[in-house]
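The block underneath contains the structure these notes are about, expressed in structure tokens.
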There are 2 protein chains.
Amino acid sequence: MDENKGKVKSLLKAIDILDVLSQSRGGLSLSTLSERSGYPKSTVHALASTMRDRGLLRQLSDGSYDLGIRLFEYGSAVSRSFDISSIARPYLESLSAITGANSVITMLDGHHPVSIDYAVSASGVQIMPEIGVKLPLHCTSQGKLMIAYLSDNRVKSILKRTSVRQYTPHTVTDTERLTKIFAEIRNLGYAIEDGEYKVGLRSVSAPVFDSAGELKYALTTVGFFRRVNSDEFSVVIRATVNQAKMLSSALGYQSE
Amino acid sequence: MDENKGKVKSLLKAIDILDVLSQSRGGLSLSTLSERSGYPKSTVHALASTMRDRGLLRQLSDGSYDLGIRLFEYGSAVSRSFDISSIARPYLESLSAITGANSVITMLDGHHPVSIDYAVSASGVQIMPEIGVKLPLHCTSQGKLMIAYLSDNRVKSILKRTSVRQYTPHTVTDTERLTKIFAEIRNLGYAIEDGEYKVGLRSVSAPVFDSAGELKYALTTVGFFRRVNSDEFSVVIRATVNQAKMLSSALGYQSE
DNA sequence: TTCACCTATTCCGTATTACCGAACTATGAT
DNA sequence: ATCATAGTTCGGTAATACGGAATAGGTGAA
């Protein structure tokens with residue numbers, strides 16, 4: 001019935017405010033904050049001023065609120081606790097060196113892939129990967145990969161809850177077609193995205209398993225690959241899969 | 001009387017929990033979390049499970065709680081909103097190139113300097129600056145610099161509230177001596193630290209002003225400088241001050 | 001197996017307090 | 001001066017956060 005039973009509702013509201021702010025660029029006025037969160041101004045003010053006093057928010061000179069340094073501190077503490085970035089770094093860099101494109105490592109946060117770290121190649125600097133940004137599930141190679149390795153019923157429930165937005169003309173939004181694609185990904189052992197998220201952009205993601213054998217991260221090569229034929233692209237695929245395998249075993253995974 | 005009037009107390013407690021977790025390395029059990037925060041277990045559980053459901057915390061396999069990916073996302077959003085890191089980057093790098101040591105840019109979060117970004121030099125990689133960590137005020141060049149530019153009565157109130165811990169034998173903890181040092185820093189236009197925070201480590205910080213003429217950041221050169229005489233060190237000082245001036249004018253600051 | 005001793009979690013009555021409409025203040029534009 | 005918009009404060013009440021105590025789950029020793 002009520003999935004928020006036993007949860008602190010004022011805290012949930014505060015988190016809603018943080019979410020609204022993190023989804024917008026730049027500060028938001030109290031009024032728009034109230035509008036977007038759906039809570040009355042006075043409520044938002046109580047929560048926001050509390051967070052301001054503790055540094056989670058900062059108030060700009062024009063009175064509007066924005067995320068504060070404190071959250072930056074928390075975030076840095078989190079990334080320090082992820083030993084993955086130090087372990088993954090050499091693999092990211094050698095992958096970039098092989099492919100000449102950028103490589104990214106991603107982990108799953110609930111229903112969305114989040115980029116943790118990246119390496120850029122000299123020829124790949126045209127696109128700078130954005131760290132800490134939630135990516136869509138259905139039209140990125142990371143997202144599709146991570147869904148593909150879930151159980152079928154979890155896939156269904158996730159697909160129901162997430163919006164399958166049409167980002168480009170190439171974005172696949174049909175649920176049945178997506179389900180077939182997921183099965184194929186699992187067979188192949190990697191996922192591909194071709195202009196489904198951003199026009200012209202292509203990417204390959206390969207699974208990274210931890211010592212318990214669970215899919216924890218996706219290793220991805222991303223670039224425009226404009227003058228690349230299918231043979232050359234299969235080299236990129238193989239390199240990504242290989243580095244992901246090596247990273248997996250570095251994490252203690254042993255295949256069967 | 002009550003400085004928390006109008007503030008949401010359950011939210012304050014939740015933030016206390018985040019603070020406790022960010023100050024400890026690794027996850028904490030509910031019991032120790034309750035102990036360190038001073039709130040009863042059931043209260044902590046209500047707050048922690050709420051934050052877990054929203055991704056601000058994650059629960060490890062042994063049941064203990066740790067900071068979650070969501071905070072990493074917030075933190076990344078904050079650092080993206082700091083246009084400073086992209087502006088400061090070239091100055092950080094040329095400063096490192098000149099001095100051969102690491103350089104750091106720092107901003108003030110309430111009563112503590114927090115490192116935002118850094119550049120490492122080939123010969124300076126021995127020490128990796130830690131991003132997002134609160135530094136002490138009284139024994140780092142950043143901290144002393146930022147205090148020095150505050151009004152005298154604010155300095156007194158800050159010194160009362162912060163603990164002047166003795167980090168090394170060289171740490172100055174006497175309030176009167178510190179006050180004299182602050183005056184000197186303001187005269188010179190830069191701050192020096194010599195093994196007061198970590199043995200052997202030396203650093204120089206120069207002020208960075210914004211277009212409103214307010215001290216917003218500290219630009220710092222930090223290293224061991226083992227075989228460096230005072231003439232050579234004054235070159236480091238001058239380079240730091242110069243780059244800080246250039247960064248200030250890049251931010252729109254014009255001296256008098 | 002049983003017991004003991006850890007955990008995290010749930011329960012529930014009540015005192016606390018979060019809530020939100022409305023009033024207020026400040027600032028800037030017309 | 002007036003209006004419009006901003007953020008902030010106030011206060012009474014319905015709601016709920018609180019925390020002690022009971023429960024459930026898990027691990028290791030006897």
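Each chain of the structure tokens is named A, B, ... in the order shown, its residues numbered from 1; ligands are numbered from 1 in display order.
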
Using only C-alpha atoms (C1' of nucleotides), what table do you get, as a tab-separated table, when you list each residue of chain D with an atom no more than 10 Å from chain B, its nearest pair of atoms, and their distance in Å rounded to one decimal, rows by chain then rising number?
residue	atom	partner	partner_atom	distance
D:DT9	C1'	B:Gly6	CA	9.0
D:DA17	C1'	B:Ser10	CA	7.3
D:DC18	C1'	B:Thr43	CA	6.7
D:DG19	C1'	B:Pro40	CA	6.4
D:DG20	C1'	B:Ser42	CA	9.2

Exercise for the section: For chain B, list the residues within 8 Å of chain C, counting only C-alpha atoms (C1' of nucleotides), and write the list as a list in words. Expected result: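 Listed by rising number, the hits are Val8, Leu30 and Gly63 of chain B.
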
Output N, CA and C atoms for every residue in that selection, as a short mmCIF file (atom, residue, chain, number, x, y, z; two decimals), in the first residue's frame.
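Saved file part02.cif follows:
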data_model
loop_
_atom_site.label_atom_id
_atom_site.label_comp_id
_atom_site.auth_asym_id
_atom_site.auth_seq_id
_atom_site.Cartn_x
_atom_site.Cartn_y
_atom_site.Cartn_z
N VAL B 8 14.32 22.30 10.23
CA VAL B 8 13.70 20.98 10.29
C VAL B 8 14.64 20.02 11.00
N LEU B 30 24.78 0.15 12.17
CA LEU B 30 23.71 0.97 12.73
C LEU B 30 24.01 1.33 14.17
N GLY B 63 25.24 -5.40 6.31
CA GLY B 63 24.19 -4.61 6.96
C GLY B 63 24.60 -3.21 7.33
#

Could you make a table, as CSV, of the residues of chain A that have an atom within 6 Å of an atom of chain B, each with its nearest atom pair and distance in Å to one decimal, counting only C-alpha atoms, in chain and number order?
residue,atom,partner,partner_atom,distance
A:Lys7,CA,B:Thr50,CA,5.2
A:Leu11,CA,B:Leu11,CA,5.6
A:Ala46,CA,B:Lys7,CA,5.8
A:Thr50,CA,B:Lys7,CA,5.2
A:Leu67,CA,B:Val78,CA,6.0
A:Leu71,CA,B:Gly75,CA,5.1
A:Phe72,CA,B:Gly75,CA,3.9
A:Glu73,CA,B:Gly132,CA,4.5
A:Gly75,CA,B:Phe72,CA,3.9
A:Ser76,CA,B:Gly132,CA,5.4
A:Val78,CA,B:Phe72,CA,6.0
A:Gly132,CA,B:Glu73,CA,4.5

Handout entry: All helix (DSSP H, G or I) positions in segment 3-241 of chain B, as number ranges by chain
Key = B: 9-23, 30-37, 41-53, 69-81, 84-99, 122-124, 141-148, 152-161, 175-188, 230-241

Problem - Point-to-point distance from atom CA of Arg227 of chain A to atom CA of Ala122 of chain A, Å rounded to tenths - result: 16.8 Å

Practice task
Please report, as a PyMOL selection string, each residue of segment 65-124 of chain B to which DSSP assigns strand (DSSP E) when run on this structure's backbone.
Solution key: chain B and resi 65-67+102-109+112-119

Handout entry: Length of the atom CA of Ser248 of chain A to atom CA of Thr99 of chain A vector [Å]
Key = 19.5 Å

Exercise for the section: Using only C-alpha atoms (C1' of nucleotides), determine which residues lie at most 10 Å from Thr32 of chain B, disregarding the query and same-chain residues fewer than 6 positions distant; provide the list as a PyMOL selection string. Expected result: chain B and resi 20+38+41+64

Practice task
Would you mind reading off the distance between atom CA of Ala148 of chain B and atom CA of Val204 of chain B, one decimal, in Å?
Solution key: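 Interatomic distance here is 14.0 Å.
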
Exercise for the section: Tell me, as a VMD selection string, which residues lie within 8 Å of Ser203 of chain A, counting only C-alpha atoms (C1' of nucleotides); anything in the same chain fewer than 5 positions away does not count. Expected result: chain A and resid 140 to 141 192 to 194 220 to 223

Handout entry: Residue neighbourhood segment 175-191 of chain A, 8 Å, only C-alpha atoms (C1' of nucleotides), exclusion window fewer than 2 positions, as a ChimeraX atom specification
Key = /A:138,141-142,144-145,147-149,159,172-173,193,204-207,237,241

Problem - Neighbour list for Phe224 of chain A as an NGL selection string, cut-off 6 Å, only C-alpha atoms (C1' of nucleotides), skip fewer than 6 positions in-chain - result: :A and (200-202)
